[in-house]
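Structure file target_1.txt with compact mmCIF, C-alpha atoms and all ligand atoms:
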# COMPACT_ATOMS: atom_id res chain seq x y z
CA MET A 296 55.80 -132.95 0.02
CA THR A 297 53.39 -135.66 -0.97
CA VAL A 298 50.97 -134.81 -3.76
CA THR A 299 47.31 -134.23 -2.83
CA ARG A 300 45.25 -136.76 -4.77
CA HIS A 301 41.54 -136.43 -5.55
CA ASN A 302 41.06 -139.90 -7.02
CA TRP A 303 41.33 -142.17 -4.00
CA THR A 304 39.33 -145.39 -4.27
CA LYS A 305 37.54 -147.18 -1.46
CA GLU A 306 39.81 -150.20 -1.87
CA GLU A 307 43.00 -148.12 -1.62
CA ILE A 308 41.71 -146.39 1.50
CA GLN A 309 40.68 -149.68 3.13
CA ASN A 310 44.16 -151.07 2.42
CA ILE A 311 45.70 -148.08 4.20
CA TYR A 312 43.25 -148.36 7.13
CA ASN A 313 44.11 -152.05 7.61
CA LYS A 314 47.91 -151.75 7.49
CA PRO A 315 49.82 -153.06 10.52
CA VAL A 316 49.55 -150.29 13.12
CA MET A 317 53.29 -149.53 13.28
CA GLU A 318 53.50 -149.13 9.51
CA LEU A 319 50.32 -147.04 9.41
CA LEU A 320 51.56 -144.74 12.18
CA TYR A 321 54.97 -144.31 10.54
CA GLU A 322 53.45 -143.43 7.18
CA ALA A 323 50.88 -141.03 8.63
CA ALA A 324 53.44 -139.32 10.87
CA THR A 325 55.77 -138.91 7.87
CA VAL A 326 53.05 -137.28 5.76
CA HIS A 327 52.12 -135.11 8.75
CA ARG A 328 55.69 -133.79 9.14
CA LEU A 329 55.95 -132.98 5.44
CA HIS A 330 52.88 -130.75 5.53
CA HIS A 331 52.52 -129.45 9.09
CA ASN A 332 54.47 -128.55 12.20
CA PRO A 333 53.98 -131.72 14.29
CA ASN A 334 54.23 -129.78 17.56
CA THR A 335 51.41 -127.33 16.81
CA VAL A 336 47.72 -127.99 17.40
CA GLN A 337 44.88 -125.66 16.47
CA VAL A 338 42.26 -125.19 19.20
CA SER A 339 38.62 -124.27 18.50
CA THR A 340 35.94 -123.41 21.04
CA LEU A 341 32.49 -124.69 20.21
CA LEU A 342 29.55 -122.53 21.30
CA SER A 343 26.01 -123.83 21.11
CA ILE A 344 24.25 -120.58 20.20
CA LYS A 345 20.85 -122.27 19.88
CA THR A 346 20.36 -125.64 21.53
CA GLY A 347 17.73 -128.34 21.05
CA GLY A 348 14.35 -128.51 19.35
CA CYS A 349 15.77 -129.51 15.97
CA PRO A 350 13.26 -130.97 13.48
CA GLU A 351 15.84 -133.37 11.95
CA ASP A 352 16.22 -137.03 12.94
CA CYS A 353 20.01 -137.59 13.06
CA GLY A 354 20.16 -140.85 15.01
CA TYR A 355 23.16 -139.78 17.10
CA CYS A 356 21.91 -136.35 18.14
CA PRO A 357 20.36 -135.45 21.51
CA GLN A 358 19.17 -132.13 20.06
CA ALA A 359 16.58 -133.73 17.77
CA ALA A 360 13.19 -132.71 19.15
CA ARG A 361 11.75 -136.18 18.53
CA TYR A 362 14.08 -137.92 21.03
CA HIS A 363 13.67 -137.62 24.79
CA THR A 364 17.16 -136.81 25.97
CA ASN A 365 17.00 -134.42 28.93
CA ILE A 366 18.99 -131.69 27.26
CA GLU A 367 18.18 -128.14 28.14
CA GLY A 368 17.20 -126.18 25.05
CA ASN A 369 17.81 -122.46 24.68
CA ASP A 370 16.81 -119.69 22.28
CA LEU A 371 19.38 -117.95 20.14
CA MET A 372 22.13 -116.36 22.25
CA SER A 373 22.59 -112.61 22.18
CA VAL A 374 25.55 -110.95 20.45
CA THR A 375 26.71 -109.71 23.87
CA GLN A 376 26.78 -113.26 25.26
CA VAL A 377 28.74 -114.50 22.25
CA LYS A 378 31.22 -111.63 22.60
CA ALA A 379 31.84 -112.49 26.27
CA GLN A 380 32.37 -116.19 25.44
CA THR A 381 34.73 -115.27 22.59
CA LEU A 382 36.91 -113.20 24.90
CA ARG A 383 37.08 -116.15 27.31
CA ALA A 384 37.95 -118.56 24.50
CA LYS A 385 40.69 -116.22 23.25
CA ALA A 386 42.19 -115.91 26.73
CA SER A 387 42.29 -119.70 27.08
CA GLY A 388 44.32 -120.24 23.88
CA SER A 389 41.66 -120.89 21.24
CA SER A 390 42.18 -119.45 17.77
CA ARG A 391 38.67 -120.17 16.50
CA VAL A 392 35.11 -119.93 17.73
CA CYS A 393 32.67 -122.34 16.12
CA MET A 394 29.00 -121.42 16.60
CA GLY A 395 26.46 -124.23 16.30
CA ALA A 396 22.70 -123.79 15.96
CA ALA A 397 20.30 -126.76 16.00
CA TRP A 398 18.62 -125.81 12.74
CA ARG A 399 17.71 -127.89 9.70
CA ASN A 400 18.71 -124.96 7.50
CA VAL A 401 19.29 -121.25 7.72
CA LYS A 402 16.18 -119.12 7.33
CA ASP A 403 16.57 -115.52 6.21
CA GLY A 404 15.20 -113.15 8.84
CA PRO A 405 16.04 -111.57 12.21
CA GLU A 406 17.74 -114.69 13.67
CA PHE A 407 20.09 -115.03 10.70
CA ASP A 408 20.79 -111.28 10.88
CA GLN A 409 21.74 -111.79 14.52
CA VAL A 410 24.13 -114.62 13.58
CA LEU A 411 25.70 -112.36 10.92
CA GLU A 412 26.28 -109.76 13.64
CA MET A 413 27.92 -112.43 15.82
CA VAL A 414 30.24 -113.30 12.92
CA ARG A 415 31.19 -109.62 12.52
CA THR A 416 31.82 -109.28 16.25
CA ILE A 417 34.07 -112.36 16.54
CA ASN A 418 36.06 -111.55 13.40
CA LYS A 419 36.68 -108.03 14.69
CA LEU A 420 38.03 -109.54 17.93
CA GLY A 421 40.76 -111.25 15.85
CA MET A 422 39.46 -114.82 16.12
CA GLU A 423 38.64 -117.19 13.27
CA VAL A 424 34.86 -117.64 13.06
CA CYS A 425 33.19 -120.89 12.05
CA CYS A 426 29.46 -121.61 11.90
CA THR A 427 27.48 -124.81 11.73
CA LEU A 428 23.88 -123.83 11.02
CA GLY A 429 22.57 -126.60 8.75
CA MET A 430 21.86 -126.29 5.06
CA LEU A 431 22.70 -123.00 3.32
CA THR A 432 21.81 -121.39 0.01
CA GLU A 433 24.45 -119.68 -2.10
CA ASN A 434 23.15 -116.23 -1.13
CA GLN A 435 23.29 -117.11 2.58
CA ALA A 436 26.86 -118.41 2.18
CA LYS A 437 27.82 -115.12 0.50
CA ARG A 438 26.25 -113.08 3.29
CA LEU A 439 28.20 -115.06 5.89
CA ALA A 440 31.42 -114.60 3.90
CA GLU A 441 30.82 -110.87 3.67
CA ALA A 442 30.35 -110.66 7.45
CA GLY A 443 33.82 -112.21 7.92
CA LEU A 444 33.18 -115.95 8.28
CA TYR A 445 36.39 -117.99 8.13
CA ALA A 446 34.97 -121.55 8.01
CA TYR A 447 31.66 -123.35 7.62
CA ASN A 448 31.15 -126.78 9.18
CA HIS A 449 28.88 -129.27 7.46
CA ASN A 450 29.76 -132.90 8.20
CA LEU A 451 29.12 -135.74 5.77
CA ASP A 452 28.76 -137.95 8.88
CA SER A 453 29.30 -141.32 7.12
CA SER A 454 29.43 -142.97 3.70
CA GLU A 455 26.69 -142.15 1.22
CA GLU A 456 25.36 -145.72 1.63
CA TYR A 457 25.20 -145.60 5.44
CA TYR A 458 23.98 -142.01 5.70
CA LYS A 459 20.34 -142.97 5.16
CA GLU A 460 20.55 -145.52 7.99
CA VAL A 461 21.26 -142.71 10.41
CA ILE A 462 19.32 -139.76 9.00
CA SER A 463 16.15 -139.76 6.93
CA THR A 464 15.11 -136.12 7.01
CA ARG A 465 17.68 -135.08 4.39
CA GLY A 466 19.95 -136.73 1.85
CA PHE A 467 23.70 -137.02 1.35
CA GLU A 468 23.33 -134.90 -1.81
CA ASP A 469 21.91 -132.07 0.32
CA ARG A 470 25.14 -132.05 2.34
CA LEU A 471 27.25 -131.88 -0.81
CA LYS A 472 25.08 -129.05 -2.17
CA THR A 473 25.67 -126.91 0.93
CA ILE A 474 29.42 -127.57 0.74
CA ASP A 475 29.27 -126.54 -2.90
CA ASN A 476 27.50 -123.29 -1.96
CA VAL A 477 30.20 -122.54 0.63
CA ARG A 478 32.85 -123.15 -2.05
CA LYS A 479 31.35 -120.31 -4.11
CA THR A 480 32.79 -117.96 -1.47
CA ASN A 481 36.23 -117.62 0.12
CA VAL A 482 35.02 -119.37 3.31
CA THR A 483 36.97 -122.55 4.14
CA VAL A 484 35.18 -125.89 4.52
CA CYS A 485 35.17 -128.02 7.68
CA SER A 486 33.58 -131.43 7.02
CA GLY A 487 34.10 -134.83 8.57
CA GLY A 488 32.13 -137.56 10.24
CA ILE A 489 31.41 -139.88 13.11
CA ILE A 490 32.64 -143.42 13.67
CA GLY A 491 30.97 -145.93 15.98
CA MET A 492 27.41 -145.59 14.61
CA GLY A 493 27.27 -149.24 13.48
CA GLU A 494 28.94 -148.56 10.13
CA THR A 495 31.41 -150.99 8.53
CA GLU A 496 35.06 -150.28 7.75
CA GLU A 497 33.95 -150.00 4.14
CA ASP A 498 31.61 -147.15 5.15
CA ARG A 499 34.48 -145.39 6.92
CA ALA A 500 36.55 -145.70 3.75
CA GLY A 501 33.52 -144.55 1.71
CA MET A 502 33.25 -141.38 3.80
CA LEU A 503 36.95 -140.66 3.26
CA VAL A 504 36.49 -141.20 -0.49
CA ALA A 505 33.64 -138.65 -0.48
CA LEU A 506 35.75 -136.09 1.42
CA SER A 507 39.10 -136.64 -0.31
CA THR A 508 37.66 -136.53 -3.83
CA LEU A 509 36.24 -133.05 -3.22
CA ASN A 510 38.42 -130.55 -5.03
CA PRO A 511 39.66 -128.70 -3.06
CA GLN A 512 39.62 -131.09 -0.11
CA PRO A 513 38.09 -129.65 3.10
CA GLU A 514 40.56 -127.45 4.98
CA SER A 515 39.43 -129.14 8.20
CA VAL A 516 38.13 -132.69 8.79
CA PRO A 517 36.66 -133.50 12.23
CA ILE A 518 36.80 -137.16 13.23
CA ASN A 519 34.22 -137.82 15.94
CA ALA A 520 33.78 -140.97 18.01
CA LEU A 521 30.11 -141.46 18.76
CA VAL A 522 29.03 -140.38 22.22
CA ALA A 523 25.99 -142.65 22.67
CA VAL A 524 23.33 -140.55 24.40
CA GLU A 525 20.42 -142.19 26.19
CA GLY A 526 17.16 -141.55 24.40
CA THR A 527 18.68 -141.46 20.90
CA PRO A 528 18.35 -144.40 18.49
CA LEU A 529 22.10 -145.03 18.82
CA GLU A 530 22.05 -145.12 22.65
CA ASN A 531 23.24 -148.76 22.79
CA GLN A 532 26.25 -148.46 20.52
CA LYS A 533 29.50 -149.65 22.09
CA PRO A 534 32.26 -147.05 22.54
CA VAL A 535 34.76 -146.82 19.69
CA SER A 536 38.10 -148.51 20.41
CA ILE A 537 41.12 -146.24 20.52
CA TRP A 538 42.71 -148.35 17.77
CA ASP A 539 39.81 -147.62 15.43
CA MET A 540 40.21 -143.93 16.21
CA VAL A 541 43.98 -144.03 15.60
CA ARG A 542 43.49 -145.91 12.32
CA MET A 543 40.84 -143.43 11.19
CA VAL A 544 42.95 -140.38 12.07
CA ALA A 545 46.06 -141.84 10.40
CA THR A 546 44.16 -142.79 7.24
CA THR A 547 42.56 -139.33 7.05
CA ARG A 548 46.00 -137.73 7.38
CA ILE A 549 47.43 -139.86 4.56
CA VAL A 550 44.60 -139.25 2.08
CA MET A 551 44.19 -135.56 2.96
CA PRO A 552 47.74 -134.37 3.68
CA GLU A 553 47.04 -130.62 3.82
CA THR A 554 43.88 -130.68 5.90
CA GLN A 555 43.66 -130.03 9.63
CA VAL A 556 42.50 -133.32 11.12
CA ARG A 557 40.35 -132.48 14.11
CA LEU A 558 39.86 -134.71 17.18
CA SER A 559 36.28 -133.97 18.08
CA ALA A 560 33.54 -135.73 20.08
CA GLY A 561 34.58 -138.74 22.14
CA ARG A 562 37.81 -137.32 23.61
CA THR A 563 36.55 -137.82 27.18
CA GLN A 564 36.58 -141.57 26.49
CA MET A 565 40.24 -141.39 25.41
CA SER A 566 43.27 -141.59 27.70
CA GLN A 567 46.11 -139.06 27.44
CA GLU A 568 48.18 -141.80 25.77
CA GLY A 569 45.38 -142.44 23.26
CA GLN A 570 45.13 -138.75 22.39
CA ALA A 571 48.94 -138.54 22.07
CA LEU A 572 48.85 -141.43 19.59
CA CYS A 573 46.20 -139.57 17.58
CA PHE A 574 48.40 -136.43 17.51
CA PHE A 575 51.32 -138.61 16.37
CA ALA A 576 49.08 -140.12 13.67
CA GLY A 577 48.34 -136.66 12.27
CA ALA A 578 45.57 -135.06 14.30
CA ASN A 579 46.42 -131.37 14.64
CA SER A 580 43.27 -129.74 15.88
CA ILE A 581 40.87 -130.16 18.81
CA PHE A 582 37.67 -128.69 20.14
CA ALA A 583 38.12 -127.16 23.59
CA GLY A 584 35.51 -126.37 26.22
CA ASP A 585 33.73 -128.55 28.74
CA LYS A 586 30.91 -129.32 26.30
CA LEU A 587 30.72 -130.09 22.58
CA LEU A 588 27.28 -128.59 21.88
CA THR A 589 25.60 -130.96 24.36
CA THR A 590 28.01 -133.86 24.95
CA PRO A 591 30.88 -133.81 27.49
CA ASN A 592 34.43 -132.76 26.54
CA PRO A 593 37.67 -132.51 28.57
CA ASP A 594 38.15 -129.35 30.64
CA VAL A 595 40.30 -126.64 28.97
CA ASN A 596 42.85 -126.89 31.80
CA GLU A 597 43.20 -130.64 31.25
CA ASP A 598 43.88 -129.97 27.57
CA MET A 599 46.50 -127.36 28.37
CA GLU A 600 48.17 -129.76 30.84
CA LEU A 601 48.27 -132.42 28.14
CA PHE A 602 49.76 -129.94 25.66
CA LYS A 603 52.45 -129.03 28.22
CA LEU A 604 53.19 -132.69 28.88
CA LEU A 605 53.57 -133.42 25.17
CA GLY A 606 55.38 -130.17 24.31
CA LEU A 607 52.61 -129.05 21.97
CA ASN A 608 51.92 -125.40 21.11
CA THR A 609 48.59 -123.84 20.16
CA GLN A 610 48.25 -122.40 16.66
CA ARG A 611 47.68 -118.68 16.26
CA PRO A 612 44.65 -117.53 14.24
CA PHE A 613 44.87 -116.85 10.48
CA ILE A 614 48.08 -118.86 9.98
CA LYS A 615 46.65 -120.94 7.13
CA LYS A 616 44.67 -118.15 5.46
CA ARG A 617 44.41 -114.38 5.82
CA GLN A 618 41.78 -112.83 8.07
CA PRO A 619 38.64 -112.02 6.06
CA GLN A 620 37.38 -108.44 5.98
CA THR A 621 34.11 -107.63 7.70
CA VAL A 622 31.51 -105.66 5.76
CA GLU A 623 28.98 -103.95 8.03
CA ALA A 624 25.28 -104.78 7.58
CA LYS A 625 24.50 -101.28 6.23
CA ASP A 626 27.13 -101.68 3.49
CA SER A 627 26.15 -105.21 2.45
CA LYS A 628 25.74 -105.85 -1.25
CA TYR A 629 23.50 -108.87 -0.66
CA GLU A 630 19.82 -108.76 0.20
CA SER A 631 17.82 -111.20 2.23
CA LEU A 632 16.05 -113.29 -0.44
CA GLY A 633 13.77 -115.11 2.00
CA GLU A 634 14.72 -118.41 0.39
CA LYS A 635 15.16 -121.92 1.77
CA PRO A 636 17.56 -124.56 0.45
CA LYS A 637 15.79 -127.02 -1.85
CA TRP A 638 15.65 -130.57 -0.57
CA SER A 639 16.87 -133.36 -2.87
CA ARG A 640 14.10 -135.81 -1.88
CA PRO A 641 10.87 -133.78 -1.49
CA GLU A 642 8.64 -136.87 -1.94
CA HIS A 643 10.42 -138.87 0.73
CA THR A 644 8.49 -139.87 3.84
CA ILE A 645 10.30 -140.25 7.11
CA GLN A 646 10.48 -143.89 8.21
CA ARG A 647 13.90 -144.68 9.52
CA ASN A 648 13.43 -143.37 13.04
CA GLU A 649 9.74 -144.16 13.55
CA SER A 650 10.60 -146.91 16.07
CA ALA A 651 12.68 -144.46 18.10
CA LYS A 652 9.81 -141.96 18.11
CA GLU A 653 7.42 -144.64 19.35
CA LYS A 654 9.88 -145.61 22.04
CA ALA A 655 10.28 -142.00 23.11
CA LYS A 656 6.49 -141.58 23.38
CA SER A 657 6.00 -144.66 25.56
S1 LIG B 1 22.88 -133.07 14.19
FE1 LIG B 1 22.18 -130.99 13.72
S2 LIG B 1 20.63 -131.30 12.14
FE2 LIG B 1 20.89 -133.30 13.13
S3 LIG B 1 19.33 -133.37 14.76
FE3 LIG B 1 21.24 -132.58 15.67
S4 LIG B 1 21.06 -130.36 15.56
FE4 LIG B 1 19.56 -131.22 14.13
Could you express the structure from this file as structure tokens?
Ligand code: SF4
Amino acid sequence: MTVTRHNWTKEEIQNIYNKPVMELLYEAATVHRLHHNPNTVQVSTLLSIKTGGCPEDCGYCPQAARYHTNIEGNDLMSVTQVKAQTLRAKASGSSRVCMGAAWRNVKDGPEFDQVLEMVRTINKLGMEVCCTLGMLTENQAKRLAEAGLYAYNHNLDSSEEYYKEVISTRGFEDRLKTIDNVRKTNVTVCSGGIIGMGETEEDRAGMLVALSTLNPQPESVPINALVAVEGTPLENQKPVSIWDMVRMVATTRIVMPETQVRLSAGRTQMSQEGQALCFFAGANSIFAGDKLLTTPNPDVNEDMELFKLLGLNTQRPFIKKRQPQTVEAKDSKYESLGEKPKWSRPEHTIQRNESAKEKAKS
């Protein structure tokens, strides 16, 4: 086993990222084999339980209300709908359902209560449950944990320095605060980022420093390649090269040996050979389903064909950590406090995406 380090520097990570590809692949694949079964891949199904109309200004996101992107918004799904989708996901080989809501932060009230009921329902069906709902308070994290949440996703997106170039409606510190609140429970952390947003290699290394120096490191790290959506400020970004993706996956595997490295958005732009190289470099998790919230994703059957071709098996649920218990709403020891997460920059005025707003209006 290699030792998990929490003191990686940007320079060390950049040196790994820039190694000759054959050396980088060999090292990453070696670390991967020491910590994981190289023939097993965990599959998650992403469900957009509330789409569009988000007040945030993430420059890559078609769900931000301020951009004109032709996505169809929907209100919060019902528990019955989520149950039906979970049964489908289970039958197709997923071990986890990840529910995403286009919210800035969780607000206590009937909609959050409905999400808690969804968590209870999925956990009772024997699937790992993950949520990505925006910023969370400690009390909200505890209520989710009590309902049976297995993982909470909250991506750092990029380096601290580049973050404000992409998002102005919240700060990097706000992300870390939510992760910290999740860590006060037994819920695992899923946090990663996006490459191809115009960031430098130094920013990519900076993001991996921020993630790898968390203690404990996130149990799951999604690596997304930007899907440039028309109408967003990042619509003209060039697609990420497969070699950048392979380097990023391999470097993530080396600096976070125990984590599940997740191939996320951008897989439709990758060939089967490209995806196989990523699995070899240490990726051991994917999102399945024909859509990732709102952007396209390979069909589940295509994924299963690729797994067959490569001799990969899907991971069963609760292999890494025991299934949490579900406490029913009537037995909950936490009350709704009606609170909102505090923002780290309350005086800040939104400027970064003004030009995009103007463009969208015209
Ligand atoms: S990424 Fe999330 S927080 Fe940002 S605009 Fe999209 S839905 Fe809102």
Let me have all residues with an atom within 9 Å of ligand LIG 1 (chain B), counting only C-alpha atoms and all ligand atoms, laid out as a PDB file with C-alpha atoms, keeping the file's coordinate frame.
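Result went into pocket.pdb, see below:
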ATOM      1  CA  THR A 346      20.360-125.640  21.530  1.00  0.00           C
ATOM      2  CA  GLY A 347      17.730-128.340  21.050  1.00  0.00           C
ATOM      3  CA  GLY A 348      14.350-128.510  19.350  1.00  0.00           C
ATOM      4  CA  CYS A 349      15.770-129.510  15.970  1.00  0.00           C
ATOM      5  CA  PRO A 350      13.260-130.970  13.480  1.00  0.00           C
ATOM      6  CA  GLU A 351      15.840-133.370  11.950  1.00  0.00           C
ATOM      7  CA  ASP A 352      16.220-137.030  12.940  1.00  0.00           C
ATOM      8  CA  CYS A 353      20.010-137.590  13.060  1.00  0.00           C
ATOM      9  CA  GLY A 354      20.160-140.850  15.010  1.00  0.00           C
ATOM     10  CA  TYR A 355      23.160-139.780  17.100  1.00  0.00           C
ATOM     11  CA  CYS A 356      21.910-136.350  18.140  1.00  0.00           C
ATOM     12  CA  PRO A 357      20.360-135.450  21.510  1.00  0.00           C
ATOM     13  CA  GLN A 358      19.170-132.130  20.060  1.00  0.00           C
ATOM     14  CA  ALA A 359      16.580-133.730  17.770  1.00  0.00           C
ATOM     15  CA  ALA A 360      13.190-132.710  19.150  1.00  0.00           C
ATOM     16  CA  ARG A 361      11.750-136.180  18.530  1.00  0.00           C
ATOM     17  CA  GLY A 395      26.460-124.230  16.300  1.00  0.00           C
ATOM     18  CA  ALA A 396      22.700-123.790  15.960  1.00  0.00           C
ATOM     19  CA  ALA A 397      20.300-126.760  16.000  1.00  0.00           C
ATOM     20  CA  TRP A 398      18.620-125.810  12.740  1.00  0.00           C
ATOM     21  CA  ARG A 399      17.710-127.890   9.700  1.00  0.00           C
ATOM     22  CA  ASN A 400      18.710-124.960   7.500  1.00  0.00           C
ATOM     23  CA  THR A 427      27.480-124.810  11.730  1.00  0.00           C
ATOM     24  CA  LEU A 428      23.880-123.830  11.020  1.00  0.00           C
ATOM     25  CA  GLY A 429      22.570-126.600   8.750  1.00  0.00           C
ATOM     26  CA  MET A 430      21.860-126.290   5.060  1.00  0.00           C
ATOM     27  CA  ILE A 462      19.320-139.760   9.000  1.00  0.00           C
ATOM     28  CA  THR A 464      15.110-136.120   7.010  1.00  0.00           C
TER      29      THR A 464
END
TODO: Excluding A:Arg415 and residues on its chain fewer than 4 positions from it, collect all residues at most 8 Å away from it, counting all atoms listed in the file, and give them as JSON, numbers by chain.
DONE: {"A": [411, 419, 442, 443, 444, 621, 622, 623]}
- [ ] Find the distance between atom CA of A:Met551 and atom CA of A:Thr483 and write it in Å to one decimal.
- [x]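 Atom CA of A:Met551 sits 14.9 Å away from atom CA of A:Thr483.
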- [ ] Mind checking which residues fall within 8 Å of A:Leu451, counting only C-alpha atoms, ignoring those fewer than 3 positions away in the same chain, and posting them as a ChimeraX atom specification?
- [x] /A:454,467,470-471,486-488,502,506
Written file, previous selection with C-alpha atoms, as a PDB file, in the frame of the given file:
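out08.pdb written:
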ATOM      1  CA  SER A 454      29.430-142.970   3.700  1.00  0.00           C
ATOM      2  CA  PHE A 467      23.700-137.020   1.350  1.00  0.00           C
ATOM      3  CA  ARG A 470      25.140-132.050   2.340  1.00  0.00           C
ATOM      4  CA  LEU A 471      27.250-131.880  -0.810  1.00  0.00           C
ATOM      5  CA  SER A 486      33.580-131.430   7.020  1.00  0.00           C
ATOM      6  CA  GLY A 487      34.100-134.830   8.570  1.00  0.00           C
ATOM      7  CA  GLY A 488      32.130-137.560  10.240  1.00  0.00           C
ATOM      8  CA  MET A 502      33.250-141.380   3.800  1.00  0.00           C
ATOM      9  CA  LEU A 506      35.750-136.090   1.420  1.00  0.00           C
TER      10      LEU A 506
END
TODO: Please provide the set of residues having any atom within 8 Å of stretch 570-586 of chain A, restricted to all atoms listed in the file, with same-chain residues fewer than 2 positions apart removed, written as an NGL selection string.
DONE: :A and (320-321 or 323-324 or 327 or 333 or 335-341 or 389 or 540-541 or 544-545 or 548 or 555-559 or 562 or 565-568 or 588-595 or 598 or 605)
Task: Point-to-point distance from atom CA of A:Pro511 to atom CA of A:Asn476, Å rounded to tenths - done: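 Result for atom CA of A:Pro511 versus atom CA of A:Asn476: 13.4 Å, one decimal.
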Task: Nearest-residue call for A:Val522, choices A:Val392, A:Cys425, A:Val326, A:Val535, using all atoms listed in the file - done: A:Val535
- [ ] Report the distance between atom CA of A:Gln409 and atom CA of A:Pro513 in Å, rounded to one decimal place.
- [x]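 The value is 26.8 Å.
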Task: Spatial neighbours of A:Lys635, 8 Å, all atoms listed in the file, chain gap at least 4 places, as a VMD selection string - done: chain A and resid 400 to 403 431 to 432
Preceding selection exported with C-alpha atoms as an mmCIF file, in the frame of the given file:
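The result, stored in part-v3.cif:
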data_model
loop_
_atom_site.group_PDB
_atom_site.id
_atom_site.type_symbol
_atom_site.label_atom_id
_atom_site.label_comp_id
_atom_site.auth_asym_id
_atom_site.auth_seq_id
_atom_site.Cartn_x
_atom_site.Cartn_y
_atom_site.Cartn_z
ATOM 1 C CA ASN A 400 18.710 -124.960 7.500
ATOM 2 C CA VAL A 401 19.290 -121.250 7.720
ATOM 3 C CA LYS A 402 16.180 -119.120 7.330
ATOM 4 C CA ASP A 403 16.570 -115.520 6.210
ATOM 5 C CA LEU A 431 22.700 -123.000 3.320
ATOM 6 C CA THR A 432 21.810 -121.390 0.010
#
TODO: Could you check which of A:Arg328, A:Gly569, A:Leu521, A:Ala624 is closest to A:Trp538, using only C-alpha atoms?
DONE: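 When distances to A:Trp538 are compared using only C-alpha atoms, the smallest one comes from A:Gly569.
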All file atoms of stretch 627-640 of chain A boxed axis-aligned, 6 Å per side, centre plus edges, as lines of an AutoDock Vina configuration file:
center_x = 20.0
center_y = -120.5
center_z = -0.2
size_x = 24.4
size_y = 42.6
size_z = 17.3
Task: For A:Gln435, the nearest of the candidates A:Gln512, A:Leu420, A:Val550, A:Pro636, counting only C-alpha atoms - done: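 Of A:Gln512, A:Leu420, A:Val550, A:Pro636, the one nearest A:Gln435 is A:Pro636, counting only C-alpha atoms.
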- [ ] Pick out the closest residue to A:Asn332 from this set: A:Ile614, A:Ala560, A:Val484, A:Ala500. Count all atoms listed in the file.
- [x]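 Under the stated criterion, the closest residue is A:Ile614.
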Open item on the list: as a ChimeraX atom specification, please: the residues near A:Arg617 (cut-off 12 Å, only C-alpha atoms, same-chain neighbours under 5 positions excluded).
Closed with: /A:418,421-423,443-445,481-483,611-612
